[in-house]
Amino acid sequence: MAIFAYDALQKEHVLITGATGGIGSETAKVLAGMGASITLTGRRTNRLEQLAAEIHEVTPDPQVFTYKADLGNETERNELVTSAEKECGPISLLVNNAGISGGGPVEQLEQEDMERVMHLNYTATVLLTQLVYQSMKQRKKGAIVNVTSLSGLRGTYGGTAYAGSKFAMTGFTHSLALEAIEHGVRVNAVSPGFVDTEMGRASAQKKADRQGRSHSEVVKESIPSGRMTKPREVANTIAFLLTDAAENIIGESVKISGGSVLR
Ligand SMILES: NC(=O)c1ccc[n+]([C@@H]2O[C@H](COP(=O)([O-])OP(=O)(O)OC[C@H]3O[C@@H](n4cnc5c(N)ncnc54)[C@H](OP(=O)(O)O)[C@@H]3O)[C@@H](O)[C@H]2O)c1
């Protein structure tokens with residue numbers, strides 16, 4: 001069920017990274033349904049095209065632009081922003097959602113894995129934000145939502161690399177939020193626990209394997225609501241934070257945990 005008005009984000013142009021993934025694709029559908037022009041990016045061209053077609057099926061007259069880019073690559077980041085702004089005008093909303101998991105317990109951690117995770121989840125995300133933030137600042141208007149994680153607020157077993165990168169994003173969210181206030185730009189984060197996507201199912205399974213239990217036992221025991229968060233629930237929270245309804249919500253990490261933070 002769509003919970004927001006079809007014109008709530010009219011005249012806005014939103015860039016969504018990781019749009020080919022579970023959370024990103026739901027976010028794209030919700031924001032397109034609120035009237036925003038959408039730039040979708042990821043590395044899988046076929047998935048980008050498929051998502052654009054799905055949006056066209058359910059949204060009257062959407063403006064959807066797809067651009068394949070590896071965010072770890074400086075040239076591709078620059079070309080992404082230039083092309084998106086040429087096609088749909090200045091980017092007024094940014095959803096930093098692309099991310100990867102990886103690493104393992106500290107004694108098994110390879111430097112290469114750690115750097116790969118940090119590079120995409122933190123460094124490349126900050127550098128992309130820099131590009132977009134400059135023009136938001138000049139126009140004195142914008143909103144940014146970073147998709148961090150509960151792992152950006154508390155440590156997890158085997159999370160040295162992933163949780164480290166998400167803690168870094170929490171620090172970035174707080175710091176940029178403070179810098180951006182005077183320029184009319186709002187910065188927040190959403191911090192989900194297990195979300196029912198490929199990544200979320202794999203990480204719940206990893207925990208289950210380590211504890212010698214089943215996937216469903218792990219979910220029931222670690223989440224009081226008894227289920228994983230649906231990608232649409234994360235998308236709805238992102239959408240809310242991007243609207244003027246959230247005008248005085250600044251520098252928050254909105255937890256979506258089914259109550260697991262209470263345990
Ligand atoms: N699922 C969970 O339980 C959970 C919980 C908390 C936080 N999160 C966070 O939520 C975000 C989305 O996760 P998800 O569950 O939707 O995962 P997902 O389905 O695996 O999606 C990950 C996305 O990141 C993109 N990506 C990965 N490497 C990239 C690169 N080098 N350049 C550009 N794009 C890249 C992927 O696109 P391509 O493969 O097409 O490049 C894909 O669209 C991530 O930041 C994740 O850390 C997830």
# chains A, B, ... in the order shown; residues from 1 in each chain; ligands from 1
>>> residues_near_ligand(ligand="ligand 1", cutoff="6 Å", atoms="only C-alpha atoms and all ligand atoms", output="PDB file with N, CA and C atoms, in the first residue's frame")
ATOM      1  N   GLY A  18      22.604   1.714  -5.572  1.00  0.00           N
ATOM      2  CA  GLY A  18      22.205   0.346  -5.210  1.00  0.00           C
ATOM      3  C   GLY A  18      20.769   0.062  -5.604  1.00  0.00           C
ATOM      4  N   ALA A  19      20.320   0.707  -6.692  1.00  0.00           N
ATOM      5  CA  ALA A  19      18.910   0.583  -7.102  1.00  0.00           C
ATOM      6  C   ALA A  19      18.590  -0.814  -7.623  1.00  0.00           C
ATOM      7  N   THR A  20      19.601  -1.561  -7.997  1.00  0.00           N
ATOM      8  CA  THR A  20      19.356  -2.913  -8.511  1.00  0.00           C
ATOM      9  C   THR A  20      19.126  -3.923  -7.388  1.00  0.00           C
ATOM     10  N   GLY A  21      19.374  -3.513  -6.139  1.00  0.00           N
ATOM     11  CA  GLY A  21      19.263  -4.448  -5.022  1.00  0.00           C
ATOM     12  C   GLY A  21      17.886  -4.426  -4.375  1.00  0.00           C
ATOM     13  N   GLY A  22      17.737  -5.200  -3.312  1.00  0.00           N
ATOM     14  CA  GLY A  22      16.438  -5.382  -2.663  1.00  0.00           C
ATOM     15  C   GLY A  22      15.855  -4.095  -2.100  1.00  0.00           C
ATOM     16  N   ILE A  23      16.618  -3.377  -1.287  1.00  0.00           N
ATOM     17  CA  ILE A  23      16.101  -2.150  -0.666  1.00  0.00           C
ATOM     18  C   ILE A  23      16.023  -1.027  -1.705  1.00  0.00           C
ATOM     19  N   GLY A  24      17.053  -0.925  -2.548  1.00  0.00           N
ATOM     20  CA  GLY A  24      17.091   0.158  -3.537  1.00  0.00           C
ATOM     21  C   GLY A  24      15.932   0.101  -4.514  1.00  0.00           C
ATOM     22  N   GLY A  42      23.458   1.318 -10.561  1.00  0.00           N
ATOM     23  CA  GLY A  42      23.988   0.049 -10.068  1.00  0.00           C
ATOM     24  C   GLY A  42      24.890  -0.461 -11.188  1.00  0.00           C
ATOM     25  N   ARG A  43      25.454  -1.652 -11.028  1.00  0.00           N
ATOM     26  CA  ARG A  43      26.328  -2.154 -12.107  1.00  0.00           C
ATOM     27  C   ARG A  43      25.607  -3.094 -13.053  1.00  0.00           C
ATOM     28  N   ARG A  44      24.448  -3.643 -12.638  1.00  0.00           N
ATOM     29  CA  ARG A  44      23.754  -4.637 -13.481  1.00  0.00           C
ATOM     30  C   ARG A  44      22.737  -3.956 -14.402  1.00  0.00           C
ATOM     31  N   ALA A  69      26.946   2.325 -13.248  1.00  0.00           N
ATOM     32  CA  ALA A  69      28.213   2.863 -12.741  1.00  0.00           C
ATOM     33  C   ALA A  69      28.729   2.006 -11.603  1.00  0.00           C
ATOM     34  N   ASP A  70      30.050   1.840 -11.597  1.00  0.00           N
ATOM     35  CA  ASP A  70      30.702   1.245 -10.432  1.00  0.00           C
ATOM     36  C   ASP A  70      31.082   2.416  -9.521  1.00  0.00           C
ATOM     37  N   LEU A  71      30.457   2.489  -8.372  1.00  0.00           N
ATOM     38  CA  LEU A  71      30.671   3.660  -7.505  1.00  0.00           C
ATOM     39  C   LEU A  71      32.067   3.718  -6.918  1.00  0.00           C
ATOM     40  N   GLY A  72      32.767   2.593  -6.990  1.00  0.00           N
ATOM     41  CA  GLY A  72      34.139   2.586  -6.492  1.00  0.00           C
ATOM     42  C   GLY A  72      35.100   3.318  -7.412  1.00  0.00           C
ATOM     43  N   ASN A  97      22.515   4.141  -0.837  1.00  0.00           N
ATOM     44  CA  ASN A  97      22.055   2.811  -0.412  1.00  0.00           C
ATOM     45  C   ASN A  97      23.012   1.684  -0.813  1.00  0.00           C
ATOM     46  N   ALA A  98      23.829   1.899  -1.853  1.00  0.00           N
ATOM     47  CA  ALA A  98      24.713   0.808  -2.306  1.00  0.00           C
ATOM     48  C   ALA A  98      25.612   0.361  -1.156  1.00  0.00           C
ATOM     49  N   GLY A  99      25.788  -0.929  -1.030  1.00  0.00           N
ATOM     50  CA  GLY A  99      26.663  -1.417   0.033  1.00  0.00           C
ATOM     51  C   GLY A  99      26.934  -2.897  -0.155  1.00  0.00           C
ATOM     52  N   ILE A 100      28.014  -3.335   0.448  1.00  0.00           N
ATOM     53  CA  ILE A 100      28.355  -4.764   0.389  1.00  0.00           C
ATOM     54  C   ILE A 100      28.685  -5.250   1.804  1.00  0.00           C
ATOM     55  N   VAL A 147      21.820   4.777   3.921  1.00  0.00           N
ATOM     56  CA  VAL A 147      21.348   3.489   4.429  1.00  0.00           C
ATOM     57  C   VAL A 147      22.528   2.852   5.167  1.00  0.00           C
ATOM     58  N   THR A 148      22.483   2.972   6.481  1.00  0.00           N
ATOM     59  CA  THR A 148      23.567   2.386   7.286  1.00  0.00           C
ATOM     60  C   THR A 148      23.080   1.015   7.752  1.00  0.00           C
ATOM     61  N   SER A 149      22.990   0.794   9.047  1.00  0.00           N
ATOM     62  CA  SER A 149      22.594  -0.533   9.543  1.00  0.00           C
ATOM     63  C   SER A 149      22.573  -0.480  11.059  1.00  0.00           C
ATOM     64  N   PRO A 192      18.612  -0.344   9.466  1.00  0.00           N
ATOM     65  CA  PRO A 192      17.821  -1.572   9.630  1.00  0.00           C
ATOM     66  C   PRO A 192      18.633  -2.718  10.236  1.00  0.00           C
ATOM     67  N   GLY A 193      17.898  -3.642  10.873  1.00  0.00           N
ATOM     68  CA  GLY A 193      18.473  -4.945  11.218  1.00  0.00           C
ATOM     69  C   GLY A 193      18.304  -5.858  10.008  1.00  0.00           C
ATOM     70  N   PHE A 194      18.033  -7.139  10.234  1.00  0.00           N
ATOM     71  CA  PHE A 194      17.882  -8.062   9.099  1.00  0.00           C
ATOM     72  C   PHE A 194      16.723  -7.624   8.192  1.00  0.00           C
ATOM     73  N   VAL A 195      17.034  -7.405   6.908  1.00  0.00           N
ATOM     74  CA  VAL A 195      16.001  -7.072   5.916  1.00  0.00           C
ATOM     75  C   VAL A 195      15.905  -8.252   4.952  1.00  0.00           C
ATOM     76  N   THR A 197      16.237  -9.418   2.043  1.00  0.00           N
ATOM     77  CA  THR A 197      16.843  -9.299   0.718  1.00  0.00           C
ATOM     78  C   THR A 197      17.910 -10.396   0.635  1.00  0.00           C
ATOM     79  N   GLU A 198      18.530 -10.481  -0.527  1.00  0.00           N
ATOM     80  CA  GLU A 198      19.602 -11.472  -0.688  1.00  0.00           C
ATOM     81  C   GLU A 198      20.662 -11.304   0.404  1.00  0.00           C
ATOM     82  N   MET A 199      21.063 -10.028   0.625  1.00  0.00           N
ATOM     83  CA  MET A 199      22.111  -9.770   1.611  1.00  0.00           C
ATOM     84  C   MET A 199      21.646 -10.128   3.024  1.00  0.00           C
ATOM     85  N   GLY A 200      20.417  -9.755   3.350  1.00  0.00           N
ATOM     86  CA  GLY A 200      19.900  -9.990   4.697  1.00  0.00           C
ATOM     87  C   GLY A 200      19.712 -11.478   4.983  1.00  0.00           C
TER      88      GLY A 200
END
>>> select_by_dssp(residues="segment 16-70 of chain A", states="helix (DSSP H, G or I)", output="JSON, numbers by chain")
{"A": [22, 23, 24, 25, 26, 27, 28, 29, 30, 31, 32, 33, 45, 46, 47, 48, 49, 50, 51, 52, 53, 54, 55, 56, 57, 58]}
>>> residues_around(residues="Gly33 of chain A", least_positions_apart="2", cutoff="12 Å", atoms="only C-alpha atoms", output="JSON, numbers by chain")
{"A": [1, 2, 3, 4, 5, 6, 7, 8, 9, 10, 26, 27, 28, 29, 30, 31, 35, 36, 37, 38, 54, 55, 56, 57, 58, 59, 60, 61, 62, 63, 64, 235, 236, 239]}
>>> select_by_dssp(residues="segment 79-186 of chain A", states="strand (DSSP E or B)", output="PyMOL selection string")
chain A and resi 93-96+142-147+185-186
>>> atom_distance(atom1="atom CA of Ser151 of chain A", atom2="atom CA of Ser260 of chain A")
12.1 Å
>>> atom_distance(atom1="atom CA of Arg263 of chain A", atom2="atom CA of Ser222 of chain A")
8.0 Å
>>> residues_around(residues="Ser257 of chain A", least_positions_apart="4", cutoff="12 Å", atoms="only C-alpha atoms", output="number ranges by chain")
A: 149-151, 153, 190-196, 219, 222-230, 233-234, 253, 261-263
>>> residues_around(residues="segment 158-170 of chain A", least_positions_apart="2", cutoff="8 Å", atoms="only C-alpha atoms", output="JSON, numbers by chain")
{"A": [100, 101, 102, 103, 104, 105, 106, 113, 114, 117, 118, 121, 122, 146, 148, 149, 151, 152, 153, 154, 155, 156, 172, 173, 174, 189, 253]}
>>> atom_distance(atom1="atom CA of Asn73 of chain A", atom2="atom CA of Ala180 of chain A")
25.4 Å
